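S.K.: Please see the structure below; I have some questions.
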Amino acid sequence: MSDADRCSDESVEGRPGSSTAGHPIGEDAAGRSRVEPMRLAPLLPRRQNPWLLVDVDGSPSSHGALVWALREAARREATVVAVCVIDDDGDAPAGLPRLARRGSTAVLDRLEAQVLRAIAETGVVGRVRTAVLERPVFEALSSAARGADLVVVSGRGKTLLRPAVPRQPARRLVRGA
């Protein structure tokens, strides 16, 4: 008899059909009691995968930023959110006709075409989502990235988004000090 069998026999001896520490007990072919393995729920990662927000306005610099974000998303297992920002003051984003500003589907189609071009250049697939945002929403997100507090309120509660305060470099103490 192995140590594991002895241990399980001793722990349930005299208590057929009972359980120890929440583990169900069964019987093996020889009629001995044994402890069955406990099924555990999978653990969630401590930290969610990052999101990279890219303002795509049709300019060469925004295309370069999108290509960089796709490569970084592949490296960090992140999701890229490519957004096209629509201004309230009547100005259309660069490269978009003024009529396209009114129809968000036309703007979204143009944005997705730019994303497909960046995907073809990088080969990174399945890590991009696209959205059309109004200027105030994008300004709130980008100012949160620059240090402003942003409180996200939903039916499930409130969350304060704030960049982490940079830590001071750790001072090394000399041994024997």
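Identifiers in the structure tokens: chain A, B, ... in order shown; residue index from 1 per chain; ligand index from 1 in order shown.
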Need the shell around Ala74 in chain A: protein/DNA/RNA residues with any atom at most 10 Å away, counting only C-alpha atoms. Skip same-chain ones fewer than 6 positions apart. Format as a ChimeraX atom specification?

M.R.: /A:80,122-127

S.K.: Could you turn the residues from that selection into a file that holds C-alpha atoms, as a CSV table (one decimal), in the first residue's frame?

M.R.:
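Just written: selection_8.csv:
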```csv
chain,number,residue,atom,x,y,z
A,80,VAL,CA,-5.4,48.3,-30.1
A,122,THR,CA,2.7,44.4,-39.8
A,123,GLY,CA,1.0,41.0,-40.2
A,124,VAL,CA,-0.6,41.4,-36.7
A,125,VAL,CA,-4.2,40.1,-36.9
A,126,GLY,CA,-7.0,40.0,-34.3
A,127,ARG,CA,-5.8,42.7,-32.0
```

S.K.: For Ser104 in chain A, find every residue with an atom within 10 Å (counting only C-alpha atoms), except residues of its own chain fewer than 6 positions away, and show them as a PyMOL selection string.

M.R.: chain A and resi 84+86+110+131-133

S.K.: One decimal, in Å: what's the spacing between CA of Trp51 in chain A and CA of Ala78 in chain A?

M.R.: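 Computing it gives 5.5 Å between the two atoms.
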
S.K.: As a PDB file with N, CA and C atoms, in the first residue's frame, list the residues of range 39-165 of chain A assigned to helix (DSSP H, G or I) by DSSP on the backbone atoms of this structure.

M.R.:
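And here's part.pdb as it stands now:
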```
ATOM      1  N   PRO A  60       0.338  60.648 -42.271  1.00  0.00           N
ATOM      2  CA  PRO A  60       1.416  59.655 -42.209  1.00  0.00           C
ATOM      3  C   PRO A  60       1.902  59.384 -40.785  1.00  0.00           C
ATOM      4  N   SER A  61       1.889  60.411 -39.935  1.00  0.00           N
ATOM      5  CA  SER A  61       2.334  60.193 -38.552  1.00  0.00           C
ATOM      6  C   SER A  61       1.355  59.310 -37.778  1.00  0.00           C
ATOM      7  N   SER A  62       0.050  59.457 -38.031  1.00  0.00           N
ATOM      8  CA  SER A  62      -0.915  58.591 -37.338  1.00  0.00           C
ATOM      9  C   SER A  62      -0.827  57.162 -37.859  1.00  0.00           C
ATOM     10  N   HIS A  63      -0.495  56.997 -39.152  1.00  0.00           N
ATOM     11  CA  HIS A  63      -0.293  55.644 -39.683  1.00  0.00           C
ATOM     12  C   HIS A  63       0.914  54.998 -39.007  1.00  0.00           C
ATOM     13  N   GLY A  64       1.977  55.768 -38.831  1.00  0.00           N
ATOM     14  CA  GLY A  64       3.150  55.249 -38.127  1.00  0.00           C
ATOM     15  C   GLY A  64       2.832  54.872 -36.693  1.00  0.00           C
ATOM     16  N   ALA A  65       2.003  55.688 -36.029  1.00  0.00           N
ATOM     17  CA  ALA A  65       1.596  55.377 -34.655  1.00  0.00           C
ATOM     18  C   ALA A  65       0.760  54.107 -34.610  1.00  0.00           C
ATOM     19  N   LEU A  66      -0.105  53.904 -35.592  1.00  0.00           N
ATOM     20  CA  LEU A  66      -0.928  52.701 -35.645  1.00  0.00           C
ATOM     21  C   LEU A  66      -0.081  51.459 -35.887  1.00  0.00           C
ATOM     22  N   VAL A  67       0.896  51.555 -36.774  1.00  0.00           N
ATOM     23  CA  VAL A  67       1.795  50.429 -37.038  1.00  0.00           C
ATOM     24  C   VAL A  67       2.584  50.084 -35.775  1.00  0.00           C
ATOM     25  N   TRP A  68       3.095  51.104 -35.082  1.00  0.00           N
ATOM     26  CA  TRP A  68       3.826  50.857 -33.836  1.00  0.00           C
ATOM     27  C   TRP A  68       2.932  50.193 -32.805  1.00  0.00           C
ATOM     28  N   ALA A  69       1.678  50.686 -32.672  1.00  0.00           N
ATOM     29  CA  ALA A  69       0.743  50.135 -31.688  1.00  0.00           C
ATOM     30  C   ALA A  69       0.428  48.674 -31.995  1.00  0.00           C
ATOM     31  N   LEU A  70       0.287  48.326 -33.267  1.00  0.00           N
ATOM     32  CA  LEU A  70       0.013  46.929 -33.622  1.00  0.00           C
ATOM     33  C   LEU A  70       1.189  46.032 -33.236  1.00  0.00           C
ATOM     34  N   ARG A  71       2.390  46.479 -33.511  1.00  0.00           N
ATOM     35  CA  ARG A  71       3.573  45.680 -33.141  1.00  0.00           C
ATOM     36  C   ARG A  71       3.687  45.567 -31.619  1.00  0.00           C
ATOM     37  N   GLU A  72       3.414  46.639 -30.931  1.00  0.00           N
ATOM     38  CA  GLU A  72       3.474  46.616 -29.465  1.00  0.00           C
ATOM     39  C   GLU A  72       2.372  45.732 -28.887  1.00  0.00           C
ATOM     40  N   ALA A  73       1.203  45.733 -29.511  1.00  0.00           N
ATOM     41  CA  ALA A  73       0.104  44.884 -29.049  1.00  0.00           C
ATOM     42  C   ALA A  73       0.462  43.409 -29.205  1.00  0.00           C
ATOM     43  N   ALA A  74       1.134  43.064 -30.282  1.00  0.00           N
ATOM     44  CA  ALA A  74       1.558  41.678 -30.466  1.00  0.00           C
ATOM     45  C   ALA A  74       2.590  41.293 -29.413  1.00  0.00           C
ATOM     46  N   ARG A  75       3.455  42.222 -29.065  1.00  0.00           N
ATOM     47  CA  ARG A  75       4.503  41.943 -28.077  1.00  0.00           C
ATOM     48  C   ARG A  75       3.930  41.831 -26.666  1.00  0.00           C
ATOM     49  N   ARG A  76       2.964  42.678 -26.336  1.00  0.00           N
ATOM     50  CA  ARG A  76       2.428  42.739 -24.974  1.00  0.00           C
ATOM     51  C   ARG A  76       1.092  42.042 -24.803  1.00  0.00           C
ATOM     52  N   ARG A  98     -15.979  66.599 -45.801  1.00  0.00           N
ATOM     53  CA  ARG A  98     -16.885  67.179 -44.817  1.00  0.00           C
ATOM     54  C   ARG A  98     -18.199  66.394 -44.705  1.00  0.00           C
ATOM     55  N   LEU A  99     -18.695  65.847 -45.794  1.00  0.00           N
ATOM     56  CA  LEU A  99     -19.933  65.072 -45.737  1.00  0.00           C
ATOM     57  C   LEU A  99     -19.752  63.771 -44.961  1.00  0.00           C
ATOM     58  N   ALA A 100     -18.533  63.214 -44.979  1.00  0.00           N
ATOM     59  CA  ALA A 100     -18.296  61.959 -44.267  1.00  0.00           C
ATOM     60  C   ALA A 100     -18.394  62.142 -42.761  1.00  0.00           C
ATOM     61  N   ARG A 101     -18.201  63.380 -42.289  1.00  0.00           N
ATOM     62  CA  ARG A 101     -18.283  63.639 -40.856  1.00  0.00           C
ATOM     63  C   ARG A 101     -19.684  63.365 -40.328  1.00  0.00           C
ATOM     64  N   ARG A 102     -20.685  63.635 -41.150  1.00  0.00           N
ATOM     65  CA  ARG A 102     -22.074  63.435 -40.716  1.00  0.00           C
ATOM     66  C   ARG A 102     -22.457  61.961 -40.690  1.00  0.00           C
ATOM     67  N   SER A 104     -21.399  58.528 -39.712  1.00  0.00           N
ATOM     68  CA  SER A 104     -20.338  57.827 -38.984  1.00  0.00           C
ATOM     69  C   SER A 104     -19.971  56.508 -39.645  1.00  0.00           C
ATOM     70  N   THR A 105     -20.863  55.938 -40.446  1.00  0.00           N
ATOM     71  CA  THR A 105     -20.508  54.691 -41.133  1.00  0.00           C
ATOM     72  C   THR A 105     -19.444  54.934 -42.191  1.00  0.00           C
ATOM     73  N   ALA A 106     -19.521  56.075 -42.883  1.00  0.00           N
ATOM     74  CA  ALA A 106     -18.499  56.395 -43.877  1.00  0.00           C
ATOM     75  C   ALA A 106     -17.158  56.647 -43.199  1.00  0.00           C
ATOM     76  N   VAL A 107     -17.175  57.313 -42.056  1.00  0.00           N
ATOM     77  CA  VAL A 107     -15.947  57.566 -41.311  1.00  0.00           C
ATOM     78  C   VAL A 107     -15.372  56.251 -40.804  1.00  0.00           C
ATOM     79  N   LEU A 108     -16.232  55.385 -40.316  1.00  0.00           N
ATOM     80  CA  LEU A 108     -15.789  54.088 -39.820  1.00  0.00           C
ATOM     81  C   LEU A 108     -15.213  53.235 -40.945  1.00  0.00           C
ATOM     82  N   ASP A 109     -15.818  53.285 -42.115  1.00  0.00           N
ATOM     83  CA  ASP A 109     -15.272  52.544 -43.262  1.00  0.00           C
ATOM     84  C   ASP A 109     -13.876  53.041 -43.629  1.00  0.00           C
ATOM     85  N   ARG A 110     -13.701  54.343 -43.619  1.00  0.00           N
ATOM     86  CA  ARG A 110     -12.389  54.925 -43.928  1.00  0.00           C
ATOM     87  C   ARG A 110     -11.349  54.525 -42.873  1.00  0.00           C
ATOM     88  N   LEU A 111     -11.760  54.538 -41.616  1.00  0.00           N
ATOM     89  CA  LEU A 111     -10.879  54.140 -40.519  1.00  0.00           C
ATOM     90  C   LEU A 111     -10.478  52.672 -40.647  1.00  0.00           C
ATOM     91  N   GLU A 112     -11.445  51.826 -40.947  1.00  0.00           N
ATOM     92  CA  GLU A 112     -11.144  50.396 -41.092  1.00  0.00           C
ATOM     93  C   GLU A 112     -10.231  50.130 -42.284  1.00  0.00           C
ATOM     94  N   ALA A 113     -10.345  50.927 -43.337  1.00  0.00           N
ATOM     95  CA  ALA A 113      -9.432  50.777 -44.467  1.00  0.00           C
ATOM     96  C   ALA A 113      -8.003  51.121 -44.053  1.00  0.00           C
ATOM     97  N   GLN A 114      -7.841  52.158 -43.239  1.00  0.00           N
ATOM     98  CA  GLN A 114      -6.515  52.514 -42.752  1.00  0.00           C
ATOM     99  C   GLN A 114      -5.963  51.434 -41.818  1.00  0.00           C
ATOM    100  N   VAL A 115      -6.825  50.842 -41.006  1.00  0.00           N
ATOM    101  CA  VAL A 115      -6.401  49.758 -40.110  1.00  0.00           C
ATOM    102  C   VAL A 115      -5.983  48.537 -40.924  1.00  0.00           C
ATOM    103  N   LEU A 116      -6.737  48.209 -41.972  1.00  0.00           N
ATOM    104  CA  LEU A 116      -6.372  47.070 -42.821  1.00  0.00           C
ATOM    105  C   LEU A 116      -5.020  47.291 -43.497  1.00  0.00           C
ATOM    106  N   ARG A 117      -4.737  48.512 -43.882  1.00  0.00           N
ATOM    107  CA  ARG A 117      -3.438  48.829 -44.469  1.00  0.00           C
ATOM    108  C   ARG A 117      -2.304  48.602 -43.462  1.00  0.00           C
ATOM    109  N   ALA A 118      -2.525  48.996 -42.215  1.00  0.00           N
ATOM    110  CA  ALA A 118      -1.518  48.789 -41.169  1.00  0.00           C
ATOM    111  C   ALA A 118      -1.372  47.306 -40.829  1.00  0.00           C
ATOM    112  N   ILE A 119      -2.464  46.559 -40.850  1.00  0.00           N
ATOM    113  CA  ILE A 119      -2.405  45.113 -40.594  1.00  0.00           C
ATOM    114  C   ILE A 119      -1.611  44.426 -41.689  1.00  0.00           C
ATOM    115  N   ALA A 120      -1.828  44.837 -42.941  1.00  0.00           N
ATOM    116  CA  ALA A 120      -1.076  44.249 -44.055  1.00  0.00           C
ATOM    117  C   ALA A 120       0.414  44.541 -43.917  1.00  0.00           C
ATOM    118  N   GLU A 121       0.744  45.700 -43.382  1.00  0.00           N
ATOM    119  CA  GLU A 121       2.152  46.066 -43.218  1.00  0.00           C
ATOM    120  C   GLU A 121       2.819  45.311 -42.071  1.00  0.00           C
ATOM    121  N   THR A 122       2.081  45.064 -40.977  1.00  0.00           N
ATOM    122  CA  THR A 122       2.678  44.431 -39.796  1.00  0.00           C
ATOM    123  C   THR A 122       2.444  42.935 -39.723  1.00  0.00           C
ATOM    124  N   ARG A 135     -15.130  64.564 -30.150  1.00  0.00           N
ATOM    125  CA  ARG A 135     -13.958  65.244 -29.585  1.00  0.00           C
ATOM    126  C   ARG A 135     -13.965  65.278 -28.055  1.00  0.00           C
ATOM    127  N   PRO A 136     -15.087  65.571 -27.357  1.00  0.00           N
ATOM    128  CA  PRO A 136     -15.032  65.630 -25.892  1.00  0.00           C
ATOM    129  C   PRO A 136     -14.635  64.297 -25.243  1.00  0.00           C
ATOM    130  N   VAL A 137     -15.068  63.196 -25.808  1.00  0.00           N
ATOM    131  CA  VAL A 137     -14.718  61.885 -25.251  1.00  0.00           C
ATOM    132  C   VAL A 137     -13.226  61.631 -25.405  1.00  0.00           C
ATOM    133  N   PHE A 138     -12.701  61.921 -26.577  1.00  0.00           N
ATOM    134  CA  PHE A 138     -11.278  61.705 -26.805  1.00  0.00           C
ATOM    135  C   PHE A 138     -10.438  62.635 -25.933  1.00  0.00           C
ATOM    136  N   GLU A 139     -10.866  63.875 -25.756  1.00  0.00           N
ATOM    137  CA  GLU A 139     -10.130  64.813 -24.904  1.00  0.00           C
ATOM    138  C   GLU A 139     -10.110  64.330 -23.456  1.00  0.00           C
ATOM    139  N   ALA A 140     -11.209  63.765 -22.972  1.00  0.00           N
ATOM    140  CA  ALA A 140     -11.237  63.244 -21.603  1.00  0.00           C
ATOM    141  C   ALA A 140     -10.247  62.092 -21.441  1.00  0.00           C
ATOM    142  N   LEU A 141     -10.204  61.188 -22.416  1.00  0.00           N
ATOM    143  CA  LEU A 141      -9.270  60.069 -22.342  1.00  0.00           C
ATOM    144  C   LEU A 141      -7.822  60.518 -22.448  1.00  0.00           C
ATOM    145  N   SER A 142      -7.551  61.413 -23.380  1.00  0.00           N
ATOM    146  CA  SER A 142      -6.167  61.842 -23.560  1.00  0.00           C
ATOM    147  C   SER A 142      -5.690  62.708 -22.395  1.00  0.00           C
ATOM    148  N   SER A 143      -6.560  63.489 -21.779  1.00  0.00           N
ATOM    149  CA  SER A 143      -6.130  64.260 -20.615  1.00  0.00           C
ATOM    150  C   SER A 143      -5.902  63.352 -19.412  1.00  0.00           C
ATOM    151  N   ALA A 144      -6.617  62.244 -19.316  1.00  0.00           N
ATOM    152  CA  ALA A 144      -6.338  61.269 -18.253  1.00  0.00           C
ATOM    153  C   ALA A 144      -4.957  60.664 -18.443  1.00  0.00           C
ATOM    154  N   ALA A 145      -4.551  60.489 -19.689  1.00  0.00           N
ATOM    155  CA  ALA A 145      -3.218  59.961 -19.963  1.00  0.00           C
ATOM    156  C   ALA A 145      -2.137  60.975 -19.609  1.00  0.00           C
TER     157      ALA A 145
END
```

S.K.: Using Å and a single decimal, report how far CA of Arg47 in chain A sits from CA of Arg156 in chain A.

M.R.: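 If I compute the distance from CA of Arg156 in chain A to CA of Arg47 in chain A, I get 19.4 Å.
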
S.K.: Can you tell me, as a PyMOL selection string, which residues in range 22-165 of chain A count as strand (DSSP E or B) by DSSP?

M.R.: chain A and resi 23+25-27+33-35+51-55+79-86+128-134+150-154+157-161

S.K.: Find the residues near Leu160 in chain A: any atom within 9 Å, counting only C-alpha atoms, skip ones fewer than 4 places away on the same chain, and give them as a PDB file with C-alpha atoms, in the first residue's frame.

M.R.:
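Saved result, selection.pdb, follows:
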```
ATOM      1  CA  ASP A 149      -8.258  62.411 -12.980  1.00  0.00           C
ATOM      2  CA  LEU A 150     -11.000  60.642 -14.895  1.00  0.00           C
ATOM      3  CA  VAL A 151     -13.901  59.025 -13.074  1.00  0.00           C
ATOM      4  CA  VAL A 152     -15.758  56.375 -15.063  1.00  0.00           C
ATOM      5  CA  VAL A 153     -19.294  55.928 -13.742  1.00  0.00           C
TER       6      VAL A 153
END
```
